$ cat input_4.txt   # compact mmCIF, N, CA and C atoms and all ligand atoms
# COMPACT_ATOMS: atom_id res chain seq x y z
N MET A 1 0.84 -1.20 0.00
CA MET A 1 0.00 0.00 0.00
C MET A 1 0.88 1.25 0.00
N ASN A 2 0.53 2.20 -0.80
CA ASN A 2 1.29 3.45 -0.84
C ASN A 2 0.98 4.30 0.38
N THR A 3 1.90 5.17 0.71
CA THR A 3 1.62 6.14 1.75
C THR A 3 1.08 7.41 1.10
N HIS A 4 -0.07 7.82 1.55
CA HIS A 4 -0.66 9.04 1.02
C HIS A 4 -0.71 10.07 2.13
N THR A 5 -0.32 11.25 1.79
CA THR A 5 -0.29 12.31 2.79
C THR A 5 -0.94 13.57 2.25
N GLY A 6 -1.26 14.47 3.15
CA GLY A 6 -1.80 15.75 2.74
C GLY A 6 -1.66 16.76 3.86
N ARG A 7 -1.90 18.00 3.53
CA ARG A 7 -1.71 19.07 4.52
C ARG A 7 -2.72 20.19 4.26
N ILE A 8 -3.26 20.71 5.35
CA ILE A 8 -4.17 21.85 5.26
C ILE A 8 -3.72 22.91 6.26
N GLU A 9 -3.53 24.12 5.78
CA GLU A 9 -3.20 25.23 6.68
C GLU A 9 -4.49 25.67 7.37
N ILE A 10 -4.38 25.98 8.65
CA ILE A 10 -5.56 26.41 9.40
C ILE A 10 -5.32 27.81 9.94
N ASP A 11 -6.01 28.78 9.38
CA ASP A 11 -5.94 30.12 9.99
C ASP A 11 -7.24 30.91 9.84
N SER A 12 -8.31 30.21 9.49
CA SER A 12 -9.60 30.88 9.47
C SER A 12 -10.67 29.86 9.84
N LYS A 13 -11.85 30.36 10.15
CA LYS A 13 -12.95 29.46 10.49
C LYS A 13 -13.24 28.49 9.36
N GLY A 14 -13.15 29.00 8.10
CA GLY A 14 -13.41 28.15 6.94
C GLY A 14 -12.44 26.99 6.82
N ASP A 15 -11.25 27.18 7.36
CA ASP A 15 -10.26 26.10 7.30
C ASP A 15 -10.64 24.92 8.19
N ILE A 16 -11.45 25.19 9.22
CA ILE A 16 -11.94 24.09 10.07
C ILE A 16 -12.82 23.18 9.20
N LEU A 17 -13.65 23.81 8.39
CA LEU A 17 -14.52 23.06 7.47
C LEU A 17 -13.69 22.28 6.45
N LYS A 18 -12.64 22.92 5.92
CA LYS A 18 -11.76 22.23 4.96
C LYS A 18 -11.10 21.00 5.60
N ALA A 19 -10.68 21.17 6.84
CA ALA A 19 -10.04 20.04 7.54
C ALA A 19 -11.04 18.91 7.73
N ARG A 20 -12.27 19.26 8.11
CA ARG A 20 -13.33 18.24 8.27
C ARG A 20 -13.57 17.49 6.97
N GLN A 21 -13.66 18.26 5.88
CA GLN A 21 -13.95 17.64 4.58
C GLN A 21 -12.81 16.74 4.13
N ALA A 22 -11.58 17.21 4.33
CA ALA A 22 -10.42 16.40 3.94
C ALA A 22 -10.39 15.10 4.75
N ALA A 23 -10.70 15.21 6.04
CA ALA A 23 -10.68 14.03 6.91
C ALA A 23 -11.75 13.04 6.47
N ARG A 24 -12.93 13.55 6.14
CA ARG A 24 -14.01 12.67 5.70
C ARG A 24 -13.62 11.94 4.41
N GLU A 25 -13.04 12.71 3.48
CA GLU A 25 -12.65 12.12 2.19
C GLU A 25 -11.62 11.01 2.37
N VAL A 26 -10.60 11.28 3.16
CA VAL A 26 -9.53 10.29 3.28
C VAL A 26 -10.03 9.07 4.06
N ALA A 27 -10.92 9.28 5.04
CA ALA A 27 -11.48 8.14 5.79
C ALA A 27 -12.33 7.27 4.87
N GLU A 28 -13.11 7.91 4.02
CA GLU A 28 -13.95 7.14 3.09
C GLU A 28 -13.08 6.44 2.04
N GLU A 29 -12.02 7.14 1.60
CA GLU A 29 -11.11 6.56 0.61
C GLU A 29 -10.49 5.25 1.06
N ILE A 30 -10.13 5.20 2.35
CA ILE A 30 -9.51 3.95 2.81
C ILE A 30 -10.55 2.93 3.25
N GLY A 31 -11.81 3.29 3.15
CA GLY A 31 -12.87 2.32 3.38
C GLY A 31 -13.36 2.22 4.82
N LEU A 32 -13.10 3.25 5.62
CA LEU A 32 -13.64 3.22 6.99
C LEU A 32 -15.15 3.37 6.94
N GLY A 33 -15.83 2.78 7.91
CA GLY A 33 -17.28 2.83 7.97
C GLY A 33 -17.78 4.17 8.50
N THR A 34 -19.08 4.32 8.50
CA THR A 34 -19.70 5.59 8.92
C THR A 34 -19.32 5.98 10.34
N THR A 35 -19.31 5.00 11.24
CA THR A 35 -19.05 5.32 12.65
C THR A 35 -17.63 5.84 12.84
N ASP A 36 -16.65 5.13 12.28
CA ASP A 36 -15.28 5.59 12.42
C ASP A 36 -15.04 6.90 11.69
N THR A 37 -15.66 7.06 10.54
CA THR A 37 -15.51 8.30 9.79
C THR A 37 -16.06 9.47 10.61
N THR A 38 -17.20 9.27 11.23
CA THR A 38 -17.79 10.33 12.06
C THR A 38 -16.90 10.63 13.26
N ARG A 39 -16.34 9.60 13.88
CA ARG A 39 -15.41 9.81 15.00
C ARG A 39 -14.23 10.68 14.57
N ILE A 40 -13.68 10.34 13.40
CA ILE A 40 -12.52 11.08 12.89
C ILE A 40 -12.89 12.52 12.59
N VAL A 41 -14.01 12.71 11.92
CA VAL A 41 -14.42 14.08 11.56
C VAL A 41 -14.67 14.91 12.83
N THR A 42 -15.25 14.28 13.85
CA THR A 42 -15.50 15.00 15.11
C THR A 42 -14.19 15.39 15.78
N ALA A 43 -13.25 14.46 15.84
CA ALA A 43 -11.96 14.73 16.47
C ALA A 43 -11.20 15.82 15.71
N VAL A 44 -11.17 15.70 14.39
CA VAL A 44 -10.47 16.68 13.55
C VAL A 44 -11.08 18.07 13.73
N SER A 45 -12.39 18.10 13.82
CA SER A 45 -13.09 19.36 14.01
C SER A 45 -12.65 20.03 15.32
N GLU A 46 -12.57 19.26 16.39
CA GLU A 46 -12.18 19.81 17.69
C GLU A 46 -10.74 20.33 17.66
N LEU A 47 -9.83 19.54 17.08
CA LEU A 47 -8.41 19.94 17.11
C LEU A 47 -8.15 21.11 16.17
N ALA A 48 -8.83 21.12 15.03
CA ALA A 48 -8.67 22.25 14.11
C ALA A 48 -9.23 23.52 14.74
N ARG A 49 -10.37 23.38 15.42
CA ARG A 49 -10.96 24.54 16.08
C ARG A 49 -10.05 25.04 17.20
N ASN A 50 -9.43 24.14 17.93
CA ASN A 50 -8.50 24.57 18.98
C ASN A 50 -7.34 25.37 18.39
N ILE A 51 -6.81 24.93 17.26
CA ILE A 51 -5.73 25.70 16.62
C ILE A 51 -6.22 27.11 16.30
N TYR A 52 -7.38 27.16 15.66
CA TYR A 52 -7.93 28.46 15.25
C TYR A 52 -8.17 29.35 16.47
N LEU A 53 -8.77 28.79 17.54
CA LEU A 53 -9.14 29.58 18.71
C LEU A 53 -7.93 30.00 19.54
N TYR A 54 -7.02 29.05 19.79
CA TYR A 54 -6.00 29.29 20.82
C TYR A 54 -4.64 29.64 20.24
N ALA A 55 -4.36 29.21 19.03
CA ALA A 55 -3.05 29.52 18.44
C ALA A 55 -3.18 30.50 17.28
N GLY A 56 -4.38 30.63 16.73
CA GLY A 56 -4.59 31.57 15.62
C GLY A 56 -4.28 30.94 14.28
N GLU A 57 -3.17 30.21 14.22
CA GLU A 57 -2.85 29.52 12.97
C GLU A 57 -2.00 28.29 13.24
N GLY A 58 -2.04 27.40 12.25
CA GLY A 58 -1.29 26.15 12.36
C GLY A 58 -1.63 25.30 11.16
N ALA A 59 -1.47 24.00 11.29
CA ALA A 59 -1.73 23.13 10.15
C ALA A 59 -2.13 21.73 10.62
N MET A 60 -2.87 21.06 9.73
CA MET A 60 -3.17 19.64 9.92
C MET A 60 -2.50 18.86 8.80
N GLU A 61 -1.83 17.79 9.17
CA GLU A 61 -1.28 16.88 8.16
C GLU A 61 -1.88 15.51 8.39
N TRP A 62 -2.04 14.75 7.33
CA TRP A 62 -2.52 13.39 7.54
C TRP A 62 -1.71 12.42 6.71
N GLU A 63 -1.80 11.20 7.11
CA GLU A 63 -1.01 10.14 6.48
C GLU A 63 -1.77 8.83 6.61
N ARG A 64 -1.86 8.11 5.53
CA ARG A 64 -2.36 6.75 5.64
C ARG A 64 -1.27 5.90 6.26
N ILE A 65 -1.64 5.07 7.20
CA ILE A 65 -0.63 4.24 7.85
C ILE A 65 -0.32 3.06 6.92
N PRO A 66 0.95 2.98 6.47
CA PRO A 66 1.29 2.01 5.44
C PRO A 66 1.51 0.60 6.00
N GLU A 67 0.44 -0.02 6.44
CA GLU A 67 0.54 -1.42 6.86
C GLU A 67 -0.31 -2.28 5.96
N GLN A 68 0.13 -3.50 5.80
CA GLN A 68 -0.57 -4.35 4.84
C GLN A 68 -1.89 -4.89 5.35
N ASN A 69 -1.91 -5.21 6.65
CA ASN A 69 -3.04 -5.99 7.13
C ASN A 69 -4.19 -5.19 7.72
N ARG A 70 -3.93 -3.97 8.09
CA ARG A 70 -5.05 -3.18 8.58
C ARG A 70 -4.89 -1.74 8.12
N ARG A 71 -6.03 -1.09 8.01
CA ARG A 71 -6.02 0.26 7.50
C ARG A 71 -6.10 1.25 8.65
N GLY A 72 -5.39 2.32 8.53
CA GLY A 72 -5.44 3.33 9.58
C GLY A 72 -5.01 4.69 9.07
N LEU A 73 -5.28 5.68 9.88
CA LEU A 73 -4.95 7.06 9.53
C LEU A 73 -4.30 7.75 10.72
N THR A 74 -3.33 8.59 10.39
CA THR A 74 -2.72 9.47 11.37
C THR A 74 -3.01 10.91 10.99
N PHE A 75 -3.37 11.72 11.96
CA PHE A 75 -3.53 13.17 11.74
C PHE A 75 -2.62 13.88 12.74
N ILE A 76 -1.90 14.88 12.23
CA ILE A 76 -1.03 15.66 13.11
C ILE A 76 -1.45 17.12 13.04
N PHE A 77 -1.66 17.71 14.21
CA PHE A 77 -2.05 19.12 14.32
C PHE A 77 -0.90 19.88 14.96
N GLU A 78 -0.40 20.89 14.24
CA GLU A 78 0.77 21.62 14.72
C GLU A 78 0.48 23.10 14.78
N ASP A 79 0.93 23.73 15.86
CA ASP A 79 0.89 25.19 15.88
C ASP A 79 2.04 25.73 16.69
N ASP A 80 2.33 27.03 16.50
CA ASP A 80 3.38 27.72 17.25
C ASP A 80 2.75 28.69 18.24
N GLY A 81 1.59 28.32 18.75
CA GLY A 81 0.85 29.19 19.66
C GLY A 81 1.37 29.14 21.09
N PRO A 82 0.51 29.49 22.04
CA PRO A 82 0.93 29.65 23.44
C PRO A 82 1.18 28.35 24.20
N GLY A 83 0.83 27.22 23.60
CA GLY A 83 0.94 25.95 24.33
C GLY A 83 -0.25 25.76 25.26
N ILE A 84 -0.42 24.54 25.74
CA ILE A 84 -1.54 24.23 26.64
C ILE A 84 -1.06 24.33 28.07
N ASP A 85 -1.64 25.27 28.78
CA ASP A 85 -1.19 25.61 30.13
C ASP A 85 -1.27 24.43 31.09
N ASP A 86 -2.46 23.87 31.20
CA ASP A 86 -2.71 22.80 32.17
C ASP A 86 -3.14 21.56 31.39
N LEU A 87 -2.14 20.83 30.90
CA LEU A 87 -2.45 19.70 30.02
C LEU A 87 -3.24 18.61 30.76
N ASN A 88 -2.85 18.32 32.00
CA ASN A 88 -3.57 17.28 32.73
C ASN A 88 -5.02 17.66 32.97
N GLY A 89 -5.24 18.90 33.35
CA GLY A 89 -6.61 19.39 33.54
C GLY A 89 -7.38 19.35 32.24
N ALA A 90 -6.71 19.76 31.15
CA ALA A 90 -7.38 19.79 29.84
C ALA A 90 -7.77 18.37 29.42
N LEU A 91 -6.92 17.39 29.71
CA LEU A 91 -7.22 16.01 29.33
C LEU A 91 -8.32 15.40 30.19
N LYS A 92 -8.48 15.91 31.40
CA LYS A 92 -9.58 15.43 32.24
C LYS A 92 -10.89 16.09 31.85
N GLY A 93 -10.83 17.04 30.92
CA GLY A 93 -12.05 17.73 30.53
C GLY A 93 -12.50 18.72 31.58
N GLU A 94 -11.50 19.22 32.36
CA GLU A 94 -11.86 20.08 33.49
C GLU A 94 -11.69 21.56 33.22
N CYS A 95 -11.01 21.90 32.12
CA CYS A 95 -10.77 23.33 31.99
C CYS A 95 -11.00 23.81 30.57
N SER A 96 -11.53 25.00 30.50
CA SER A 96 -11.72 25.66 29.22
C SER A 96 -11.35 27.12 29.38
N THR A 97 -10.53 27.62 28.46
CA THR A 97 -10.20 29.04 28.51
C THR A 97 -11.09 29.83 27.56
N SER A 98 -11.98 29.14 26.85
CA SER A 98 -12.96 29.85 26.04
C SER A 98 -14.32 29.49 26.62
N ASN A 99 -15.38 29.74 25.89
CA ASN A 99 -16.68 29.32 26.42
C ASN A 99 -17.05 27.93 25.90
N GLY A 100 -16.02 27.16 25.55
CA GLY A 100 -16.29 25.80 25.07
C GLY A 100 -16.70 24.89 26.23
N MET A 101 -16.99 23.65 25.89
CA MET A 101 -17.39 22.67 26.90
C MET A 101 -16.17 22.12 27.63
N GLY A 102 -14.99 22.40 27.10
CA GLY A 102 -13.78 21.86 27.71
C GLY A 102 -13.62 20.37 27.48
N ARG A 103 -14.35 19.83 26.50
CA ARG A 103 -14.30 18.38 26.26
C ARG A 103 -13.64 18.04 24.93
N GLY A 104 -13.06 19.02 24.26
CA GLY A 104 -12.46 18.77 22.95
C GLY A 104 -11.35 17.74 23.01
N LEU A 105 -10.39 17.98 23.92
CA LEU A 105 -9.23 17.09 24.01
C LEU A 105 -9.61 15.75 24.63
N SER A 106 -10.38 15.78 25.71
CA SER A 106 -10.75 14.51 26.36
C SER A 106 -11.66 13.70 25.44
N GLY A 107 -12.56 14.39 24.75
CA GLY A 107 -13.45 13.69 23.81
C GLY A 107 -12.66 13.07 22.66
N THR A 108 -11.68 13.82 22.16
CA THR A 108 -10.85 13.32 21.07
C THR A 108 -10.09 12.07 21.49
N GLN A 109 -9.57 12.10 22.72
CA GLN A 109 -8.83 10.94 23.22
C GLN A 109 -9.74 9.70 23.27
N THR A 110 -10.99 9.91 23.66
CA THR A 110 -11.93 8.80 23.73
C THR A 110 -12.28 8.26 22.34
N LEU A 111 -12.40 9.16 21.38
CA LEU A 111 -12.84 8.76 20.04
C LEU A 111 -11.75 8.05 19.24
N MET A 112 -10.47 8.40 19.52
CA MET A 112 -9.37 7.88 18.71
C MET A 112 -8.73 6.67 19.38
N ASP A 113 -7.94 5.92 18.62
CA ASP A 113 -7.23 4.78 19.20
C ASP A 113 -6.02 5.25 19.99
N ASP A 114 -5.36 6.29 19.53
CA ASP A 114 -4.37 6.92 20.40
C ASP A 114 -4.17 8.38 20.09
N MET A 115 -3.61 9.05 21.07
CA MET A 115 -3.39 10.49 20.98
C MET A 115 -2.11 10.81 21.74
N GLU A 116 -1.23 11.59 21.09
CA GLU A 116 0.01 12.02 21.74
C GLU A 116 0.07 13.53 21.67
N ILE A 117 0.41 14.15 22.78
CA ILE A 117 0.47 15.61 22.80
C ILE A 117 1.85 16.06 23.24
N GLU A 118 2.44 16.95 22.45
CA GLU A 118 3.65 17.64 22.88
C GLU A 118 3.30 19.11 22.96
N THR A 119 3.51 19.71 24.12
CA THR A 119 3.19 21.13 24.22
C THR A 119 4.16 21.79 25.18
N GLU A 120 4.51 23.03 24.88
CA GLU A 120 5.53 23.76 25.64
C GLU A 120 5.05 25.20 25.74
N PRO A 121 5.01 25.76 26.95
CA PRO A 121 4.55 27.15 27.07
C PRO A 121 5.34 28.08 26.14
N GLY A 122 4.65 28.85 25.37
CA GLY A 122 5.29 29.81 24.47
C GLY A 122 5.87 29.21 23.20
N GLU A 123 5.87 27.88 23.10
CA GLU A 123 6.50 27.23 21.94
C GLU A 123 5.49 26.68 20.95
N GLY A 124 4.37 26.21 21.48
CA GLY A 124 3.37 25.65 20.58
C GLY A 124 2.93 24.26 21.01
N THR A 125 2.14 23.66 20.14
CA THR A 125 1.51 22.38 20.46
C THR A 125 1.52 21.49 19.23
N THR A 126 1.84 20.23 19.43
CA THR A 126 1.71 19.22 18.37
C THR A 126 0.89 18.06 18.93
N ILE A 127 -0.17 17.73 18.23
CA ILE A 127 -1.03 16.63 18.67
C ILE A 127 -1.15 15.62 17.54
N ARG A 128 -0.85 14.36 17.86
CA ARG A 128 -0.98 13.30 16.86
C ARG A 128 -2.07 12.34 17.29
N ILE A 129 -3.01 12.10 16.38
CA ILE A 129 -4.07 11.13 16.68
C ILE A 129 -4.06 10.03 15.62
N ARG A 130 -4.48 8.85 16.04
CA ARG A 130 -4.55 7.71 15.12
C ARG A 130 -5.86 6.97 15.26
N LYS A 131 -6.32 6.48 14.14
CA LYS A 131 -7.51 5.63 14.16
C LYS A 131 -7.24 4.45 13.25
N TRP A 132 -7.46 3.26 13.79
CA TRP A 132 -7.35 2.04 13.00
C TRP A 132 -8.74 1.58 12.62
N GLU A 133 -8.83 0.91 11.53
CA GLU A 133 -10.09 0.33 11.09
C GLU A 133 -10.63 -0.60 12.16
N1 LIG B 201 -3.64 24.20 20.26
C1 LIG B 201 -3.80 24.75 21.49
N2 LIG B 201 -2.99 25.76 21.89
C2 LIG B 201 -3.12 26.31 23.13
N3 LIG B 201 -4.04 25.91 24.03
C3 LIG B 201 -4.87 24.93 23.70
C4 LIG B 201 -4.80 24.29 22.41
N4 LIG B 201 -5.75 23.32 22.37
C5 LIG B 201 -6.36 23.36 23.56
N5 LIG B 201 -5.85 24.32 24.37
C6 LIG B 201 -6.24 24.64 25.77
O1 LIG B 201 -6.84 23.48 26.34
C7 LIG B 201 -8.14 23.81 26.82
C8 LIG B 201 -9.07 22.62 26.62
O2 LIG B 201 -9.32 22.40 25.21
P1 LIG B 201 -10.60 21.58 24.80
O3 LIG B 201 -10.58 20.29 25.54
O4 LIG B 201 -10.68 21.55 23.32
O5 LIG B 201 -11.81 22.44 25.40
P2 LIG B 201 -12.38 23.87 24.93
O6 LIG B 201 -11.80 24.19 23.58
O7 LIG B 201 -13.85 23.66 24.91
O8 LIG B 201 -11.93 24.84 25.99
C9 LIG B 201 -8.56 25.04 26.04
O9 LIG B 201 -9.52 25.82 26.75
C10 LIG B 201 -7.24 25.76 25.86
O10 LIG B 201 -6.93 26.51 27.01
MG MG B 202 -11.70 22.90 22.02
$ encode --input "input_4.txt" --output "C-alpha cells"
Amino acid sequence: MNTHTGRIEIDSKGDILKARQAAREVAEEIGLGTTDTTRIVTAVSELARNIYLYAGEGAMEWERIPEQNRRGLTFIFEDDGPGIDDLNGALKGECSTSNGMGRGLSGTQTLMDDMEIETEPGEGTTIRIRKWE
C-alpha cells in the first residue's frame, strides 16, 4: 500500500470546514465505515478549532498508515501558539479558557485509538491522533 499524505493550513474558520472535509474524504477513501468516519471528523473538528481559537494559525497533516493488514490514519495538528497551560486538567475535561465545553481534548482521546500531545509554554503544540479500522 502506498503512503498518502496531505496538509491543510488552518488560519480561518473556513479552514476548520476544509479540515473536516479532507478528513471525511480520506477516511472514506480507505474504506472506513460511517461510525469511524464520524469519530474522525468529530476529532479533527475539535483539534482544528483549537488551533484556530487558541493559536490563531497552524496546520493539519494526515497520512495513511502504510501497513498491509489493517487500514489506519494518522492526523497531526501543529501550531506555534501559546501551548496548553494545564495539560492534565485539559485532558480530564476540566478546563476551558474559552466558552467551550472543555471536552475537545478529552473527547478526542476517547474517540481515537491513540493520541500524543507535545506542548511547551510559548513554543506551541503538536497533537498526533490515530484511528485504525
Ligand atoms: N492548540 C492549542 N494551543 C493552546 N491551548 C490549547 C490548544 N488546544 C487546547 N488548548 C487549551 O486546552 C483547553 C481545553 O481544550 P478543549 O478540551 O478543546 O476544550 P475547549 O476548547 O472547549 O476549551 C482550552 O480551553 C485551551 O486553554
Ligand atoms: Mg476545544
$ residues_around --input "input_4.txt" --residues "Glu118 in chain A" --least-positions-apart "2" --cutoff "8 Å" --atoms "only N, CA and C atoms" --output "JSON, numbers by chain"
{"A": [83, 84, 115, 116, 120, 121, 124, 125, 126, 127, 128]}
$ write_last_selection --input "input_4.txt" --atoms "N, CA and C atoms" --output "PDB file, in the coordinates of the input"
ATOM      1  N   GLY A  83       0.830  27.220  23.600  1.00  0.00           N
ATOM      2  CA  GLY A  83       0.940  25.950  24.330  1.00  0.00           C
ATOM      3  C   GLY A  83      -0.250  25.760  25.260  1.00  0.00           C
ATOM      4  N   ILE A  84      -0.420  24.540  25.740  1.00  0.00           N
ATOM      5  CA  ILE A  84      -1.540  24.230  26.640  1.00  0.00           C
ATOM      6  C   ILE A  84      -1.060  24.330  28.070  1.00  0.00           C
ATOM      7  N   MET A 115      -3.610   9.050  21.070  1.00  0.00           N
ATOM      8  CA  MET A 115      -3.390  10.490  20.980  1.00  0.00           C
ATOM      9  C   MET A 115      -2.110  10.810  21.740  1.00  0.00           C
ATOM     10  N   GLU A 116      -1.230  11.590  21.090  1.00  0.00           N
ATOM     11  CA  GLU A 116       0.010  12.020  21.740  1.00  0.00           C
ATOM     12  C   GLU A 116       0.070  13.530  21.670  1.00  0.00           C
ATOM     13  N   GLU A 120       4.510  23.030  24.880  1.00  0.00           N
ATOM     14  CA  GLU A 120       5.530  23.760  25.640  1.00  0.00           C
ATOM     15  C   GLU A 120       5.050  25.200  25.740  1.00  0.00           C
ATOM     16  N   PRO A 121       5.010  25.760  26.950  1.00  0.00           N
ATOM     17  CA  PRO A 121       4.550  27.150  27.070  1.00  0.00           C
ATOM     18  C   PRO A 121       5.340  28.080  26.140  1.00  0.00           C
ATOM     19  N   GLY A 124       4.370  26.210  21.480  1.00  0.00           N
ATOM     20  CA  GLY A 124       3.370  25.650  20.580  1.00  0.00           C
ATOM     21  C   GLY A 124       2.930  24.260  21.010  1.00  0.00           C
ATOM     22  N   THR A 125       2.140  23.660  20.140  1.00  0.00           N
ATOM     23  CA  THR A 125       1.510  22.380  20.460  1.00  0.00           C
ATOM     24  C   THR A 125       1.520  21.490  19.230  1.00  0.00           C
ATOM     25  N   THR A 126       1.840  20.230  19.430  1.00  0.00           N
ATOM     26  CA  THR A 126       1.710  19.220  18.370  1.00  0.00           C
ATOM     27  C   THR A 126       0.890  18.060  18.930  1.00  0.00           C
ATOM     28  N   ILE A 127      -0.170  17.730  18.230  1.00  0.00           N
ATOM     29  CA  ILE A 127      -1.030  16.630  18.670  1.00  0.00           C
ATOM     30  C   ILE A 127      -1.150  15.620  17.540  1.00  0.00           C
ATOM     31  N   ARG A 128      -0.850  14.360  17.860  1.00  0.00           N
ATOM     32  CA  ARG A 128      -0.980  13.300  16.860  1.00  0.00           C
ATOM     33  C   ARG A 128      -2.070  12.340  17.290  1.00  0.00           C
TER      34      ARG A 128
END
$ closest_residue --input "input_4.txt" --among "A:Cys95, A:Val26, A:Ile129, A:Met60" --to "Ala48 in chain A" --atoms "only C-alpha atoms"
A:Met60
$ residues_around --input "input_4.txt" --residues "range 29-42 of chain A" --least-positions-apart "3" --cutoff "8 Å" --atoms "only N, CA and C atoms" --output "PyMOL selection string"
chain A and resi 19-26+45-48+71-72+107-108+111-112+131-133
$ select_by_dssp --input "input_4.txt" --residues "chain A" --states "strand (DSSP E or B)" --output "ChimeraX atom specification"
/A:5-10,58-64,72-79,114-120,124-132
$ residues_near_ligand --input "input_4.txt" --ligand "ligand MG 202 (chain B)" --cutoff "8 Å" --atoms "only N, CA and C atoms and all ligand atoms" --output "VMD selection string"
chain A and resid 45 to 51 53 96 98 100 to 105
$ atom_distance --input "input_4.txt" --atom1 "CA of Lys18 in chain A" --atom2 "CA of Phe75 in chain A"
14.0 Å
$ residues_near_point --input "input_4.txt" --point "(6.9, 25.8, 16.2)" --cutoff "6.5 Å" --atoms "only N, CA and C atoms" --output "short mmCIF file (atom, residue, chain, number, x, y, z; two decimals) with N, CA and C atoms, in the coordinates of the input"
data_model
loop_
_atom_site.label_atom_id
_atom_site.label_comp_id
_atom_site.auth_asym_id
_atom_site.auth_seq_id
_atom_site.Cartn_x
_atom_site.Cartn_y
_atom_site.Cartn_z
N ASP A 79 0.93 23.73 15.86
CA ASP A 79 0.89 25.19 15.88
C ASP A 79 2.04 25.73 16.69
N ASP A 80 2.33 27.03 16.50
CA ASP A 80 3.38 27.72 17.25
C ASP A 80 2.75 28.69 18.24
N GLY A 81 1.59 28.32 18.75
CA GLY A 81 0.85 29.19 19.66
C GLY A 81 1.37 29.14 21.09
N GLU A 123 5.87 27.88 23.10
CA GLU A 123 6.50 27.23 21.94
C GLU A 123 5.49 26.68 20.95
N GLY A 124 4.37 26.21 21.48
CA GLY A 124 3.37 25.65 20.58
C GLY A 124 2.93 24.26 21.01
#
$ axis_aligned_box --input "input_4.txt" --around "range 25-40 of chain A" --padding-each-side "6 Å" --output "AutoDock Vina command-line options"
--center_x -14.6 --center_y 7.5 --center_z 7.8 --size_x 22.2 --size_y 22.5 --size_z 26.4
$ atom_distance --input "input_4.txt" --atom1 "CA of Glu78 in chain A" --atom2 "CA of Ala59 in chain A"
5.4 Å
$ closest_residue --input "input_4.txt" --among "A:Ile117, A:Leu17, A:Ala55, A:Ala27" --to "ligand LIG 201 (chain B)" --atoms "only C-alpha atoms and all ligand atoms"
A:Ala55
$ select_by_dssp --input "input_4.txt" --residues "chain A" --states "helix (DSSP H, G or I)" --output "ChimeraX atom specification"
/A:13-29,34-55,87-91,104-111
$ atom_distance --input "input_4.txt" --atom1 "CA of Tyr52 in chain A" --atom2 "CA of Glu28 in chain A"
25.3 Å
$ residues_around --input "input_4.txt" --residues "His4 in chain A" --least-positions-apart "6" --cutoff "9 Å" --atoms "only C-alpha atoms" --output "NGL selection string"
:A and (62-66)
$ write_last_selection --input "input_4.txt" --atoms "N, CA and C atoms" --output "short mmCIF file (atom, residue, chain, number, x, y, z; two decimals), in the coordinates of the input"
data_model
loop_
_atom_site.label_atom_id
_atom_site.label_comp_id
_atom_site.auth_asym_id
_atom_site.auth_seq_id
_atom_site.Cartn_x
_atom_site.Cartn_y
_atom_site.Cartn_z
N TRP A 62 -2.04 14.75 7.33
CA TRP A 62 -2.52 13.39 7.54
C TRP A 62 -1.71 12.42 6.71
N GLU A 63 -1.80 11.20 7.11
CA GLU A 63 -1.01 10.14 6.48
C GLU A 63 -1.77 8.83 6.61
N ARG A 64 -1.86 8.11 5.53
CA ARG A 64 -2.36 6.75 5.64
C ARG A 64 -1.27 5.90 6.26
N ILE A 65 -1.64 5.07 7.20
CA ILE A 65 -0.63 4.24 7.85
C ILE A 65 -0.32 3.06 6.92
N PRO A 66 0.95 2.98 6.47
CA PRO A 66 1.29 2.01 5.44
C PRO A 66 1.51 0.60 6.00
#
$ closest_residue --input "input_4.txt" --among "A:Asp85, A:Arg130, A:Asp114, A:Arg7" --to "Tyr54 in chain A" --atoms "only C-alpha atoms"
A:Asp85
$ closest_residue --input "input_4.txt" --among "A:Asn69, A:Thr5, A:Thr97, A:Ser12" --to "ligand LIG 201 (chain B)" --atoms "only C-alpha atoms and all ligand atoms"
A:Thr97
$ residues_around --input "input_4.txt" --residues "Lys92 in chain A" --least-positions-apart "4" --cutoff "6 Å" --atoms "only N, CA and C atoms" --output "PyMOL selection string"
chain A and resi 87-88+106
$ closest_residue --input "input_4.txt" --among "A:Glu9, A:Glu67, A:Glu61, A:Asp86" --to "ligand LIG 201 (chain B)" --atoms "all atoms listed in the file"
A:Asp86
$ residues_near_point --input "input_4.txt" --point "(-3.9, 29.2, 11.8)" --cutoff "5 Å" --atoms "all atoms listed in the file" --output "PyMOL selection string"
chain A and resi 10-11+56-58
$ write_last_selection --input "input_4.txt" --atoms "N, CA and C atoms" --output "PDB file, in the frame of the given file"
ATOM      1  N   ILE A  10      -4.380  25.980   8.650  1.00  0.00           N
ATOM      2  CA  ILE A  10      -5.560  26.410   9.400  1.00  0.00           C
ATOM      3  C   ILE A  10      -5.320  27.810   9.940  1.00  0.00           C
ATOM      4  N   ASP A  11      -6.010  28.780   9.380  1.00  0.00           N
ATOM      5  CA  ASP A  11      -5.940  30.120   9.990  1.00  0.00           C
ATOM      6  C   ASP A  11      -7.240  30.910   9.840  1.00  0.00           C
ATOM      7  N   GLY A  56      -4.380  30.630  16.730  1.00  0.00           N
ATOM      8  CA  GLY A  56      -4.590  31.570  15.620  1.00  0.00           C
ATOM      9  C   GLY A  56      -4.280  30.940  14.280  1.00  0.00           C
ATOM     10  N   GLU A  57      -3.170  30.210  14.220  1.00  0.00           N
ATOM     11  CA  GLU A  57      -2.850  29.520  12.970  1.00  0.00           C
ATOM     12  C   GLU A  57      -2.000  28.290  13.240  1.00  0.00           C
ATOM     13  N   GLY A  58      -2.040  27.400  12.250  1.00  0.00           N
ATOM     14  CA  GLY A  58      -1.290  26.150  12.360  1.00  0.00           C
ATOM     15  C   GLY A  58      -1.630  25.300  11.160  1.00  0.00           C
TER      16      GLY A  58
END
$ closest_residue --input "input_4.txt" --among "A:Ile16, A:Ala43, A:Ile76, A:Leu91" --to "ligand LIG 201 (chain B)" --atoms "only C-alpha atoms and all ligand atoms"
A:Leu91
